[in-house]
>>> print(open('target.txt').read())   # compact mmCIF, C-alpha atoms
# COMPACT_ATOMS: atom_id res chain seq x y z
CA ASP A 1294 9.43 76.05 3.26
CA SER A 1295 7.21 78.09 5.52
CA ILE A 1296 3.75 76.78 6.35
CA ALA A 1297 0.78 79.13 6.33
CA LEU A 1298 -1.06 79.42 9.62
CA PRO A 1299 -4.69 78.30 9.57
CA ALA A 1300 -7.50 80.82 9.81
CA PRO A 1301 -8.15 81.81 13.43
CA ARG A 1302 -10.99 80.04 15.19
CA THR A 1303 -13.71 82.45 16.33
CA VAL A 1304 -16.54 81.86 18.78
CA THR A 1305 -19.34 84.09 20.00
CA ILE A 1306 -19.45 84.65 23.75
CA THR A 1307 -22.39 86.51 25.26
CA ALA A 1308 -21.30 88.25 28.45
CA ALA A 1309 -23.95 88.72 31.13
CA GLU A 1310 -24.14 90.61 34.40
CA GLN A 1311 -23.85 88.28 37.38
CA GLY A 1312 -24.04 89.04 41.07
CA ALA A 1313 -25.92 88.98 44.35
CA HIS A 1314 -26.26 91.43 47.22
CA THR A 1315 -27.58 91.74 50.78
CA ILE A 1316 -28.64 94.73 52.85
CA GLU A 1317 -27.32 95.14 56.37
CA THR A 1318 -28.92 97.49 58.91
CA LEU A 1319 -27.29 99.70 61.52
CA ARG A 1320 -29.44 98.12 64.22
CA LEU A 1321 -28.22 94.65 63.35
CA ARG A 1322 -24.60 95.83 63.57
CA ASN A 1323 -25.26 97.37 66.99
CA ILE A 1324 -27.03 94.44 68.66
CA ALA A 1325 -25.41 91.41 67.01
CA TYR A 1326 -22.84 89.42 68.97
CA GLN A 1327 -20.73 88.93 65.87
CA ASN A 1328 -18.97 91.10 63.30
CA VAL A 1329 -21.86 91.39 60.87
CA ILE A 1330 -19.85 93.13 58.12
CA GLU A 1331 -17.27 90.32 58.18
CA LEU A 1332 -19.97 87.65 58.00
CA GLN A 1333 -21.73 89.50 55.21
CA ALA A 1334 -18.51 89.81 53.19
CA ARG A 1335 -17.68 86.13 53.72
CA ASN A 1336 -21.17 85.15 52.59
CA LYS A 1337 -20.84 87.15 49.38
CA VAL A 1338 -17.36 85.81 48.60
CA VAL A 1339 -18.60 82.22 48.99
CA ASN A 1340 -21.66 83.02 46.88
CA MET A 1341 -19.47 84.53 44.16
CA LEU A 1342 -17.17 81.50 43.98
CA GLU A 1343 -20.06 79.02 44.06
CA SER A 1344 -22.01 80.94 41.41
CA ILE A 1345 -19.08 81.28 39.01
CA ASP A 1346 -18.25 77.58 39.38
CA ARG A 1347 -21.83 76.65 38.47
CA LEU A 1348 -21.85 79.01 35.48
CA VAL A 1349 -18.61 77.47 34.19
CA MET A 1350 -19.99 73.95 34.66
CA ARG A 1351 -23.11 74.98 32.75
CA ALA A 1352 -20.85 75.91 29.84
CA HIS A 1353 -19.26 72.45 30.09
CA ASP A 1354 -22.71 70.88 29.66
CA ALA A 1355 -22.89 72.45 26.20
CA GLY A 1356 -20.24 70.01 24.90
CA THR A 1357 -21.34 67.43 22.35
CA ASN A 1358 -19.05 64.47 23.12
CA VAL A 1359 -20.86 62.09 25.47
CA ALA A 1360 -20.11 58.55 26.64
CA GLY A 1361 -20.83 56.47 29.73
CA ILE A 1362 -21.91 53.16 31.19
CA GLN A 1363 -25.31 51.83 30.17
CA GLY A 1364 -26.43 48.38 31.21
CA GLY A 1365 -22.88 47.58 32.30
CA VAL A 1366 -21.44 48.36 28.86
CA TYR A 1367 -19.38 51.31 27.67
CA THR A 1368 -21.67 53.30 25.40
CA VAL A 1369 -21.25 56.34 23.17
CA SER A 1370 -24.13 58.81 23.60
CA PRO A 1371 -25.87 56.75 26.30
CA THR A 1372 -29.57 57.16 27.00
CA GLU A 1373 -29.87 58.50 30.55
CA GLY A 1374 -33.22 56.76 31.04
CA SER A 1375 -31.54 53.38 30.44
CA ILE A 1376 -28.78 53.82 33.04
CA ILE A 1377 -29.32 51.37 35.90
CA SER A 1378 -28.20 51.33 39.53
CA THR A 1379 -25.08 49.23 38.83
CA ASP A 1380 -23.76 51.55 36.09
CA VAL A 1381 -21.20 53.20 38.34
CA PHE A 1382 -18.02 55.00 37.30
CA THR A 1383 -14.90 52.84 36.89
CA GLY A 1384 -11.19 53.39 36.49
CA SER A 1385 -11.45 51.72 33.10
CA LEU A 1386 -13.92 54.38 31.95
CA LEU A 1387 -11.52 57.13 33.01
CA GLY A 1388 -8.58 55.45 31.25
CA ARG A 1389 -10.62 54.96 28.11
CA SER A 1390 -11.56 58.65 28.12
CA THR A 1391 -8.01 59.96 28.46
CA ALA A 1392 -6.90 57.56 25.72
CA LYS A 1393 -9.55 58.99 23.41
CA LEU A 1394 -8.47 62.57 24.12
CA ARG A 1395 -4.83 61.67 23.52
CA SER A 1396 -5.70 59.97 20.22
CA LEU A 1397 -7.29 63.24 19.08
CA ASN A 1398 -4.10 65.20 19.90
CA VAL A 1399 -5.87 67.12 22.66
CA HIS A 1400 -3.32 68.95 24.82
CA GLY A 1401 -3.29 68.20 28.54
CA MET A 1402 -4.20 70.71 31.23
CA ARG A 1403 -1.07 70.08 33.29
CA GLY A 1404 1.61 68.94 30.92
CA GLU A 1405 0.31 65.71 29.39
CA THR A 1406 -2.22 65.15 32.18
CA TYR A 1407 -5.92 65.79 31.60
CA GLY A 1408 -8.37 67.05 34.20
CA ALA A 1409 -11.40 65.12 35.45
CA VAL A 1410 -14.14 66.79 37.50
CA MET A 1411 -16.59 64.45 39.22
CA SER A 1412 -19.00 64.29 42.12
CA PRO A 1413 -17.59 63.02 45.43
CA LEU A 1414 -20.25 60.30 45.22
CA VAL A 1415 -18.78 59.17 41.91
CA SER A 1416 -15.13 59.25 42.99
CA TYR A 1417 -16.13 57.06 45.94
CA ASP A 1418 -16.81 54.21 43.53
CA ILE A 1419 -13.35 54.46 41.96
CA GLN A 1420 -11.74 54.16 45.38
CA GLN A 1421 -13.89 51.16 46.27
CA GLU A 1422 -12.82 49.04 43.30
CA GLY A 1423 -11.20 45.76 44.31
CA PRO A 1424 -7.40 45.87 44.76
CA SER A 1425 -6.49 44.44 41.36
CA SER A 1426 -3.39 45.52 39.46
CA ASN A 1427 -5.53 48.10 37.63
CA SER A 1428 -7.36 49.59 40.61
CA TRP A 1429 -6.93 53.02 42.18
CA LEU A 1430 -6.06 51.43 45.53
CA TYR A 1431 -3.32 49.20 44.09
CA THR A 1432 -1.84 51.99 41.99
CA HIS A 1433 -1.56 54.48 44.84
CA ALA A 1434 -0.47 52.03 47.52
CA ASN A 1435 2.28 50.50 45.39
CA ALA A 1436 3.47 53.89 44.21
CA GLY A 1437 4.18 54.94 47.80
CA ASP A 1438 1.20 57.29 47.85
CA ALA A 1439 -0.52 55.87 50.92
CA GLU A 1440 -0.98 59.32 52.47
CA GLY A 1441 -3.49 60.18 49.76
CA ILE A 1442 -5.48 57.05 50.62
CA TYR A 1443 -5.60 57.97 54.31
CA ASN A 1444 -6.71 61.53 53.48
CA ALA A 1445 -9.34 60.43 50.91
CA GLU A 1446 -7.48 62.28 48.14
CA ILE A 1447 -7.92 61.11 44.58
CA GLY A 1448 -4.77 62.48 43.01
CA LYS A 1449 -3.68 61.40 39.54
CA TYR A 1450 -5.14 58.27 37.99
CA ARG A 1451 -5.32 56.84 34.47
CA GLY A 1452 -3.82 59.93 32.83
CA ALA A 1453 -5.94 62.52 34.65
CA PHE A 1454 -5.84 64.49 37.87
CA VAL A 1455 -9.21 64.10 39.57
CA VAL A 1456 -11.06 67.00 41.18
CA GLU A 1457 -14.16 66.44 43.30
CA SER A 1458 -16.99 68.95 42.91
CA ASN A 1459 -20.60 69.07 44.03
CA LYS A 1460 -21.43 71.39 41.11
CA VAL A 1461 -21.46 68.78 38.37
CA ARG A 1462 -24.72 68.03 36.57
CA VAL A 1463 -26.95 65.56 38.43
CA THR A 1464 -30.39 64.52 37.18
CA ALA A 1465 -32.92 61.95 38.42
CA THR A 1466 -33.38 60.55 34.94
CA GLY A 1467 -32.04 57.02 35.23
CA THR A 1468 -34.10 53.82 35.38
CA GLY A 1469 -36.56 54.19 38.25
CA SER A 1470 -35.53 57.85 38.60
CA ILE A 1471 -32.06 57.01 39.88
CA LYS A 1472 -29.58 59.85 39.75
CA VAL A 1473 -27.34 60.24 36.71
CA PHE A 1474 -24.05 62.07 37.32
CA THR A 1475 -21.98 63.82 34.66
CA THR A 1476 -18.20 63.58 34.93
CA TYR A 1477 -16.13 65.94 32.79
CA VAL A 1478 -12.76 64.85 31.40
CA ARG A 1479 -11.11 67.72 29.58
CA GLY A 1480 -7.94 69.01 28.05
CA ALA A 1481 -6.66 72.49 27.28
CA GLU A 1482 -8.53 75.04 25.18
CA PHE A 1483 -11.99 73.55 25.63
CA LEU A 1484 -13.39 76.74 27.12
CA ALA A 1485 -13.11 80.40 26.11
CA GLU A 1486 -13.87 83.21 28.55
CA HIS A 1487 -14.81 86.82 27.89
CA VAL A 1488 -14.59 89.28 30.80
CA VAL A 1489 -16.10 92.77 30.59
CA VAL A 1490 -15.91 93.38 34.36
CA GLU A 1491 -13.89 91.06 36.60
CA PRO A 1492 -16.06 89.67 39.44
CA ARG A 1493 -15.45 91.70 42.60
CA LEU A 1494 -17.00 92.63 45.95
CA ALA A 1495 -18.95 95.88 46.04
CA MET A 1496 -20.05 97.78 49.15
CA GLY A 1497 -21.78 101.10 49.73
CA ASP A 1498 -24.68 103.10 51.18
CA ILE A 1499 -27.76 102.41 49.09
CA GLY A 1500 -28.96 105.94 49.87
CA THR A 1501 -32.60 105.17 50.67
CA ASP A 1502 -32.51 106.19 54.32
CA ALA A 1503 -31.84 109.64 55.78
CA PHE A 1504 -30.04 108.15 58.76
CA GLY A 1505 -27.66 106.03 56.70
CA ARG A 1506 -28.83 102.87 58.42
CA PHE A 1507 -28.69 100.56 55.44
CA VAL A 1508 -25.48 99.27 53.84
CA ASP A 1509 -25.55 97.24 50.67
CA MET A 1510 -22.86 94.59 50.14
CA GLY A 1511 -22.58 92.15 47.26
CA TRP A 1512 -20.54 91.00 44.32
CA TYR A 1513 -20.76 91.95 40.68
CA GLY A 1514 -19.26 90.77 37.43
CA ASP A 1515 -19.96 90.95 33.71
CA LEU A 1516 -18.57 87.95 31.85
CA GLY A 1517 -19.34 84.79 29.91
CA TRP A 1518 -18.02 81.49 28.60
CA ALA A 1519 -18.38 79.42 25.44
CA THR A 1520 -17.05 76.17 23.97
CA TYR A 1521 -13.81 76.75 22.04
CA GLN A 1522 -12.34 73.32 21.20
CA ASP A 1523 -15.27 70.92 21.50
CA PRO A 1524 -13.18 67.70 21.03
CA ALA A 1525 -11.23 68.62 24.20
CA LEU A 1526 -14.08 67.60 26.52
CA LEU A 1527 -15.76 64.27 27.22
CA ARG A 1528 -18.94 64.18 29.29
CA LEU A 1529 -19.37 60.81 31.01
CA LYS A 1530 -22.76 59.61 32.25
CA THR A 1531 -22.95 57.13 35.13
CA THR A 1532 -24.72 56.68 38.43
CA SER A 1533 -23.19 56.17 41.88
CA SER A 1534 -23.57 53.41 44.43
CA LEU A 1535 -24.30 56.25 46.88
CA GLN A 1536 -26.83 57.96 44.60
CA ALA A 1537 -29.75 57.43 46.99
>>> encode(input="target.txt", output="structure tokens")
Amino acid sequence: DSIALPAPRTVTITAAEQGAHTIETLRLRNIAYQNVIELQARNKVVNMLESIDRLVMRAHDAGTNVAGIQGGVYTVSPTEGSIISTDVFTGSLLGRSTAKLRSLNVHGMRGETYGAVMSPLVSYDIQQEGPSSNSWLYTHANAGDAEGIYNAEIGKYRGAFVVESNKVRVTATGTGSIKVFTTYVRGAEFLAEHVVVEPRLAMGDIGTDAFGRFVDMGWYGDLGWATYQDPALLRLKTTSSLQA
């Protein structure tokens, strides 16, 4: 017999105008020893990518599933103010997180593999774990993946591919104002995106000078994000041994 499809899931996404611009002068172009237009364009492209990444990570912070290490113990909904300097991220915490996602039938981001986004200061602690049979070092070295070790690449570990990012949430809210880092372990369909205008570079005369000396260059987009499948994201709270 046929099975009726469930009602479609709907979410509200508020799109917002995003962008940044700079004004370049004719005099600067004439006397500079570099290609000012090229530098200006590169600056705006970098700003666009950095800004969009931070906006997307802000949407990740709206998730409700939180866990972490508090006082050396795995804790659901940890209190950031009770996280101490030794509550660093571990391979066991990552494995526990992917196991939880899999138990909830969350689809992977690359096949069956989930994605983990963490600060480089947090991933450092995973790579420094002693070479036991469960450590990152042992796993990669004995799998013939020594090149990744030499290049400081994280690669796949405990059911997730690990991406380093300096745009994760960091707050000085731990015990004694130590830094608390958020690591995001997510599967497919966590986030929904609504695009009114795709982010793009924009360039033109701003028209405020009779001699045409001023050129405006920037980027512009009109878009937004919202949580779609909340169970598909785990936010993990820890500190780092390099947090200072």
>>> closest_residue(input="target.txt", among="A:Arg1351, A:Lys1393, A:Arg1335, A:Arg1462", to="A:Met1510", atoms="all atoms listed in the file")
A:Arg1335
>>> residues_around(input="target.txt", residues="A:Leu1332", least_positions_apart="6", cutoff="12 Å", atoms="only C-alpha atoms", output="list of chain:residue names")
A:Thr1315, A:Glu1317, A:Arg1322, A:Ala1325, A:Tyr1326, A:Val1338, A:Val1339, A:Met1510, A:Gly1511
>>> atom_distance(input="target.txt", atom1="atom CA of A:Ala1352", atom2="atom CA of A:Leu1516")
12.4 Å
>>> atom_distance(input="target.txt", atom1="atom CA of A:His1487", atom2="atom CA of A:Lys1460")
21.4 Å
>>> residues_near_point(input="target.txt", point="(-23.3, 62.1, 27.9)", cutoff="10 Å", atoms="all atoms listed in the file", output="short mmCIF file (atom, residue, chain, number, x, y, z; two decimals) with C-alpha atoms, in the coordinates of the input")
data_model
loop_
_atom_site.label_atom_id
_atom_site.label_comp_id
_atom_site.auth_asym_id
_atom_site.auth_seq_id
_atom_site.Cartn_x
_atom_site.Cartn_y
_atom_site.Cartn_z
CA ASP A 1354 -22.71 70.88 29.66
CA GLY A 1356 -20.24 70.01 24.90
CA THR A 1357 -21.34 67.43 22.35
CA ASN A 1358 -19.05 64.47 23.12
CA VAL A 1359 -20.86 62.09 25.47
CA ALA A 1360 -20.11 58.55 26.64
CA GLY A 1361 -20.83 56.47 29.73
CA ILE A 1362 -21.91 53.16 31.19
CA THR A 1368 -21.67 53.30 25.40
CA VAL A 1369 -21.25 56.34 23.17
CA SER A 1370 -24.13 58.81 23.60
CA PRO A 1371 -25.87 56.75 26.30
CA THR A 1372 -29.57 57.16 27.00
CA GLU A 1373 -29.87 58.50 30.55
CA VAL A 1473 -27.34 60.24 36.71
CA PHE A 1474 -24.05 62.07 37.32
CA THR A 1475 -21.98 63.82 34.66
CA THR A 1476 -18.20 63.58 34.93
CA TYR A 1477 -16.13 65.94 32.79
CA LEU A 1527 -15.76 64.27 27.22
CA ARG A 1528 -18.94 64.18 29.29
CA LEU A 1529 -19.37 60.81 31.01
CA LYS A 1530 -22.76 59.61 32.25
CA THR A 1531 -22.95 57.13 35.13
#
>>> atom_distance(input="target.txt", atom1="atom CA of A:Tyr1417", atom2="atom CA of A:Thr1532")
11.4 Å
>>> closest_residue(input="target.txt", among="A:Ser1378, A:Thr1520, A:Ser1344, A:Ser1390", to="A:Thr1466", atoms="all atoms listed in the file")
A:Ser1378
>>> closest_residue(input="target.txt", among="A:Gln1311, A:Asn1323, A:Ala1485, A:Lys1472", to="A:Ser1412", atoms="only C-alpha atoms")
A:Lys1472
>>> closest_residue(input="target.txt", among="A:Ile1324, A:Val1304, A:Ala1537, A:Ile1471", to="A:Gly1517", atoms="all atoms listed in the file")
A:Val1304
>>> residues_around(input="target.txt", residues="stretch 1451-1456 of chain A", least_positions_apart="3", cutoff="6 Å", atoms="only C-alpha atoms", output="list in words")
Gly1388, Thr1406, Tyr1407, Gly1408, Ala1409, Val1410, Ile1447 and Gly1448 of chain A
>>> closest_residue(input="target.txt", among="A:Trp1512, A:Val1463, A:Arg1479, A:Leu1535", to="A:His1400", atoms="all atoms listed in the file")
A:Arg1479
>>> closest_residue(input="target.txt", among="A:Leu1526, A:Gly1404, A:Leu1414, A:Tyr1450", to="A:Ser1385", atoms="all atoms listed in the file")
A:Tyr1450
>>> residues_around(input="target.txt", residues="A:Gly1312", least_positions_apart="6", cutoff="10 Å", atoms="only C-alpha atoms", output="list of chain:residue names")
A:Lys1337, A:Asn1340, A:Met1341, A:Ser1344, A:Ile1345, A:Pro1492, A:Arg1493, A:Leu1494, A:Ala1495, A:Gly1511, A:Trp1512, A:Tyr1513, A:Gly1514, A:Asp1515
>>> write_last_selection(input="target.txt", atoms="C-alpha atoms", output="PDB file, in the coordinates of the input")
ATOM      1  CA  LYS A1337     -20.840  87.150  49.380  1.00  0.00           C
ATOM      2  CA  ASN A1340     -21.660  83.020  46.880  1.00  0.00           C
ATOM      3  CA  MET A1341     -19.470  84.530  44.160  1.00  0.00           C
ATOM      4  CA  SER A1344     -22.010  80.940  41.410  1.00  0.00           C
ATOM      5  CA  ILE A1345     -19.080  81.280  39.010  1.00  0.00           C
ATOM      6  CA  PRO A1492     -16.060  89.670  39.440  1.00  0.00           C
ATOM      7  CA  ARG A1493     -15.450  91.700  42.600  1.00  0.00           C
ATOM      8  CA  LEU A1494     -17.000  92.630  45.950  1.00  0.00           C
ATOM      9  CA  ALA A1495     -18.950  95.880  46.040  1.00  0.00           C
ATOM     10  CA  GLY A1511     -22.580  92.150  47.260  1.00  0.00           C
ATOM     11  CA  TRP A1512     -20.540  91.000  44.320  1.00  0.00           C
ATOM     12  CA  TYR A1513     -20.760  91.950  40.680  1.00  0.00           C
ATOM     13  CA  GLY A1514     -19.260  90.770  37.430  1.00  0.00           C
ATOM     14  CA  ASP A1515     -19.960  90.950  33.710  1.00  0.00           C
TER      15      ASP A1515
END
>>> axis_aligned_box(input="target.txt", around="stretch 1526-1532 of chain A", padding_each_side="3 Å", output="lines of an AutoDock Vina configuration file")
center_x = -19.4
center_y = 62.1
center_z = 32.5
size_x = 16.6
size_y = 16.9
size_z = 17.9
